[in-house]
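Worksheet: one structure, shown below.
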Amino acid sequence: MNPQLRSKYEVVIGIECHVQLATKTKLFCSCGNDARDAEPNTLVCEVCMGMPGALPVLNKHAVELALRLGIALNAEYKLPYHMKFDRKNYFYPDSPKGYQITQFDEPVVPNGFIEFPVDGKMTRIGITRAHLEGDAGKLTHPEGANYSLVDLNRAETPLVEIVSEPDMRSAAEAKAYAQELYNIVRYAAVSDANLYYGNMRFDVNVSVRPVGQAEFGTRSETKNLNSFKAIERAVEYEVRRQIVLVEGGDKVKQETRGWNDDKLETYSMRSKEDADEYRYFPEPDLPPIIVTKAMVTAAAAELSLLPADLRKQLATAKLPAAESEVLVADPVAAGIWHQVALENPAEARFALNWLIGDRIKLEETKQQPLAQSQITSLPLALVGSMVREGKLSSSNAKILLEHLWGDDTGANEVAAKLGLIQQSDEGELGKIIDSVLLEQAKIVDDYKSGNERAFGALVGAAMKASKGQGNPQLFTKLLKQKLS
Ligand SMILES: [Zn+2]
């Protein structure tokens, strides 16, 4: 699109994100919550099949996880806090009750915000609310058949829907917001957060308005995006489509759209129903819940580290922002780094380099994620200190950590066993240099007659004579002394 035309418009984006909570059972019954490998309609009972007269019983753990997420989203709880459930009435074949149990005006997360960097600049996006609700079942439409199949395994799986303020102004911000929610959900450990299995799904509301206009343009909602790239592309596509419509004198229709990942375009699904058609009313089968100080304190105690805290810690350690963000996006590595930085701040830089570098290659060769290795903050800090004290060369540190990956023997023992310890005794190294100077008299003459490169050859000879275990910095220093 012509950049001049594009710059006449401001983009307004809000995002709704469904997060499937990692509970053992569903939201209102004791059926299993993990339907991934289950045969259709095997994880069902009277309650989640919507049988008349069956009564829901609220899953306590779902409330605890939702509260924990609320605190991670900086929700401001005025305690005691009152929350309740409501019925959202609509008919759809994958929802046999004829209504959904959700939260209308007193949600589990009243408001909040998150902060994260976009192109190196901190950006704050408001969270309007987040509510608990049961998921719908799943419909499949066999090709060529004149019927559809219903699978209720997913019905009443606990979801939290996080609704943002319409605070985002670019596709890059929308993508970064979704990535930060993904970070927070994983740090807070409230969901398996598997995007492929739809544990997190994003609906993106996009509108455009002429720069300077106060009221919002009409928005479209693109549903069920489950990759960050798709969010970015769908926003860019919608912005172009809507500007072309407005410029051509047409109106943007308020509608629900889908995303075609092959054609890289959105398509119209249905015009949007108004909220008041749902005839919300308080759920008569579930009592309201008073969120107490004890409940909030208990939920907060489960949060050990959040991305925002980690960024502050990385900045205090004066580590580069770009590399730091690679670590932030990786909760397991971030947890290990956080421990190293707390207990052994001098090794923070070494730990960061290894965690975002060699460790990723090691996961590939070992075919095992970091979480299943024996590498914790302790061996990592120990190896870092051995490098810093000159006991270990950086290349030998890499070899040592590869051995420690599946071996919890101490780093010192393994390093000694493998002969990786660097010789840093000046007396011992001095003796090696004396013999090198005698044996390589011709190279010494070369150096003395002005050939600078001969110096490197002498260091190499000393390294070889020490079987690779001499400290090269010390060899250099001693050689310079002896040759001057
Ligand atoms: Zn059930």
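Identifiers for the structure tokens are assigned positionally: chains receive A, B, ... in sequence, residues are indexed from 1 per chain, and ligands are indexed from 1 in the order shown.
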Site check for ligand 1: residues at most 10 Å away, only C-alpha atoms and all ligand atoms, as a VMD selection string: chain A and resid 25 to 33 42 to 50 56 152 to 157
Shell of 10 Å around Glu402 (chain A), only C-alpha atoms, local chain residues under 4 positions omitted, as a PyMOL selection string: chain A and resi 358-359+362-363+365-366+375+396-398+406-407
Go ahead and write the selection's residues with all heavy atoms as a compact mmCIF listing (two decimals), in the first residue's frame.
# COMPACT_ATOMS: atom_id res chain seq x y z
N ASP A 358 25.05 -22.21 23.05
CA ASP A 358 25.41 -23.63 22.95
C ASP A 358 24.32 -24.57 23.46
O ASP A 358 24.16 -25.67 22.95
CB ASP A 358 26.70 -23.90 23.74
CG ASP A 358 27.90 -23.25 23.08
OD1 ASP A 358 27.87 -23.11 21.84
OD2 ASP A 358 28.84 -22.87 23.81
N ARG A 359 23.59 -24.15 24.47
CA ARG A 359 22.55 -25.02 25.04
C ARG A 359 21.47 -25.38 23.99
O ARG A 359 20.94 -26.49 23.99
CB ARG A 359 21.93 -24.30 26.23
CG ARG A 359 20.57 -24.77 26.63
CD ARG A 359 19.59 -23.69 26.30
NE ARG A 359 18.25 -24.18 26.12
CZ ARG A 359 17.24 -23.37 25.98
NH1 ARG A 359 17.40 -22.07 26.01
NH2 ARG A 359 16.04 -23.86 25.78
N LEU A 362 22.82 -28.08 21.96
CA LEU A 362 22.87 -29.31 22.76
C LEU A 362 21.50 -29.99 22.85
O LEU A 362 21.41 -31.21 22.78
CB LEU A 362 23.34 -28.98 24.18
CG LEU A 362 24.81 -29.22 24.50
CD1 LEU A 362 25.06 -28.98 25.98
CD2 LEU A 362 25.21 -30.66 24.14
N GLU A 363 20.45 -29.19 22.98
CA GLU A 363 19.10 -29.77 23.02
C GLU A 363 18.84 -30.57 21.75
O GLU A 363 18.19 -31.60 21.78
CB GLU A 363 18.04 -28.67 23.17
CG GLU A 363 17.90 -28.16 24.59
CD GLU A 363 16.77 -27.14 24.75
OE1 GLU A 363 16.54 -26.37 23.79
OE2 GLU A 363 16.16 -27.10 25.82
N THR A 365 21.27 -32.01 19.70
CA THR A 365 22.07 -33.23 19.63
C THR A 365 21.63 -34.25 20.67
O THR A 365 21.61 -35.44 20.41
CB THR A 365 23.58 -32.95 19.80
OG1 THR A 365 23.75 -32.05 20.88
CG2 THR A 365 24.19 -32.32 18.57
N LYS A 366 21.21 -33.78 21.84
CA LYS A 366 20.77 -34.71 22.89
C LYS A 366 19.32 -35.11 22.71
O LYS A 366 18.83 -35.99 23.42
CB LYS A 366 20.94 -34.08 24.28
CG LYS A 366 22.36 -33.64 24.60
CD LYS A 366 23.15 -34.75 25.23
CE LYS A 366 24.54 -34.25 25.63
NZ LYS A 366 25.42 -35.33 26.05
N ILE A 375 21.29 -29.91 34.05
CA ILE A 375 21.83 -28.56 34.19
C ILE A 375 20.87 -27.70 34.99
O ILE A 375 19.75 -27.44 34.57
CB ILE A 375 22.09 -27.90 32.81
CG1 ILE A 375 22.96 -28.80 31.93
CG2 ILE A 375 22.68 -26.50 33.00
CD1 ILE A 375 24.41 -28.84 32.28
N ASN A 396 36.70 -25.61 26.43
CA ASN A 396 36.55 -26.74 27.35
C ASN A 396 35.31 -26.60 28.24
O ASN A 396 34.73 -27.61 28.65
CB ASN A 396 37.80 -26.90 28.21
CG ASN A 396 38.92 -27.60 27.45
OD1 ASN A 396 38.71 -28.04 26.31
ND2 ASN A 396 40.09 -27.72 28.06
N ALA A 397 34.87 -25.36 28.50
CA ALA A 397 33.64 -25.15 29.26
C ALA A 397 32.46 -25.74 28.50
O ALA A 397 31.57 -26.38 29.08
CB ALA A 397 33.42 -23.66 29.49
N LYS A 398 32.50 -25.54 27.19
CA LYS A 398 31.44 -26.07 26.33
C LYS A 398 31.41 -27.61 26.40
O LYS A 398 30.35 -28.22 26.57
CB LYS A 398 31.76 -25.61 24.90
CG LYS A 398 30.70 -25.82 23.89
CD LYS A 398 31.12 -25.12 22.60
CE LYS A 398 30.55 -25.87 21.41
NZ LYS A 398 30.96 -25.23 20.16
N GLY A 406 23.78 -34.80 31.20
CA GLY A 406 23.05 -35.95 31.73
C GLY A 406 23.74 -36.54 32.95
O GLY A 406 23.43 -37.67 33.36
N ASP A 407 24.69 -35.84 33.55
CA ASP A 407 25.51 -36.39 34.63
C ASP A 407 25.52 -35.40 35.78
O ASP A 407 25.95 -34.25 35.62
CB ASP A 407 26.94 -36.59 34.08
CG ASP A 407 27.85 -37.27 35.10
OD1 ASP A 407 27.45 -37.40 36.28
OD2 ASP A 407 28.96 -37.66 34.72
Test item, strand (DSSP E) assignment across region 244-310 of chain A, answer as a ChimeraX atom specification: /A:255-260,265-271,281-282,289-291
Since we have the selection now, will you write its residues out, keeping C-alpha atoms, as a JSON list (two decimals), in the first residue's frame?
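Generated output (part.json):
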[["chain", "number", "residue", "atom", "x", "y", "z"],
["A", 255, "GLU", "CA", -18.38, -8.84, 11.14],
["A", 256, "THR", "CA", -16.53, -11.95, 12.22],
["A", 257, "ARG", "CA", -13.81, -13.05, 9.85],
["A", 258, "GLY", "CA", -11.58, -16.10, 9.50],
["A", 259, "TRP", "CA", -7.92, -16.33, 8.48],
["A", 260, "ASN", "CA", -6.74, -18.39, 5.51],
["A", 265, "GLU", "CA", -6.01, -13.30, 3.71],
["A", 266, "THR", "CA", -9.05, -12.92, 5.97],
["A", 267, "TYR", "CA", -12.54, -13.93, 4.79],
["A", 268, "SER", "CA", -16.04, -13.07, 5.97],
["A", 269, "MET", "CA", -17.72, -15.68, 8.22],
["A", 270, "ARG", "CA", -20.81, -13.97, 9.64],
["A", 271, "SER", "CA", -22.08, -10.55, 10.57],
["A", 281, "PHE", "CA", -28.57, -13.39, 33.49],
["A", 282, "PRO", "CA", -26.90, -14.61, 36.73],
["A", 289, "ILE", "CA", -17.72, -16.27, 45.09],
["A", 290, "ILE", "CA", -16.09, -13.87, 47.54],
["A", 291, "VAL", "CA", -12.39, -13.58, 46.68]]
Nearby residues (only C-alpha atoms) at most 7 Å from region 94-96 of chain A, same-chain spacing under 6 positions excluded, as number ranges by chain: A: 49-50, 136-139, 150
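Using only C-alpha atoms for every distance, the candidate list A:Gln481, A:Thr222, A:Thr292, A:Thr123 yields A:Thr222 as the residue closest to Gln254 (chain A).
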Among listed residues A:Arg311, A:His82, A:Lys431, A:Arg349, nearest Leu478 (chain A) (using only C-alpha atoms): A:Lys431
Contacts of Ala298 (chain A) within 9 Å, only C-alpha atoms, excl. fewer than 4 positions in-chain, as a list of chain:residue names: A:Glu64, A:Arg68, A:Lys293, A:Ala294, A:Glu302
Just-selected residues, C-alpha atoms written as a compact mmCIF listing (two decimals), in the first residue's frame:
# COMPACT_ATOMS: atom_id res chain seq x y z
CA GLU A 64 -7.01 -20.59 41.74
CA ARG A 68 -2.91 -16.42 39.65
CA LYS A 293 -7.19 -11.72 50.87
CA ALA A 294 -6.10 -15.26 51.77
CA GLU A 302 2.56 -19.55 43.30
Alpha helix (DSSP H) call set, DSSP backbone run, region 7-246 of chain A, as a PyMOL selection string: chain A and resi 60-72+171-187+228-246
Selected residue of minimal separation from Gly430 (chain A) among A:Ala415, A:Ala62, A:Ala465, A:Leu479, counting only C-alpha atoms: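 Smallest distance to Gly430 (chain A) is found for A:Leu479.
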Shell of 12 Å around region 445-451 of chain A, only C-alpha atoms, local chain residues under 4 positions omitted, as a list of chain:residue names: A:Leu437, A:Leu438, A:Glu439, A:Gln440, A:Ala441, A:Phe455, A:Gly456, A:Ala457, A:Leu458, A:Leu479, A:Lys480, A:Lys482, A:Leu483, A:Ser484
Residue with smallest distance to His61 (chain A) - pool A:Ala301, A:Gly384, A:Ala346, A:Leu21, counting only C-alpha atoms: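 When distances to His61 (chain A) are compared using only C-alpha atoms, the smallest one comes from A:Leu21.
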Atomic separation - CA of Ala174 (chain A) relative to CA of Val118 (chain A), Å: 9.7 Å
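Of note, CA of Thr128 (chain A) and CA of Glu16 (chain A) are spaced 10.0 Å apart.
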Between CA of Leu401 (chain A) and CA of Pro379 (chain A), distance in Å (one decimal): 8.2 Å
Given only C-alpha atoms as the counted atoms, nearest of A:Gln4, A:Ser220, A:Gln100, A:Thr376 to Asp86 (chain A):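 Closest candidate: A:Gln100.
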Counting only C-alpha atoms, the residue of A:Phe350, A:Pro110, A:Pro158, A:Glu283 that sits nearest Leu55 (chain A): A:Glu283
Neighbour list for Trp337 (chain A) as a ChimeraX atom specification, cut-off 9 Å, only C-alpha atoms, skip fewer than 6 positions in-chain: /A:327,348,351-352,355,376-377
Spatial neighbours of Leu305 (chain A), 8 Å, only C-alpha atoms, chain gap at least 4 places, as a list in words: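 Listed by chain and then number, they are Tyr187, Ala188, Asp309, Leu310 and Gly335 of chain A.
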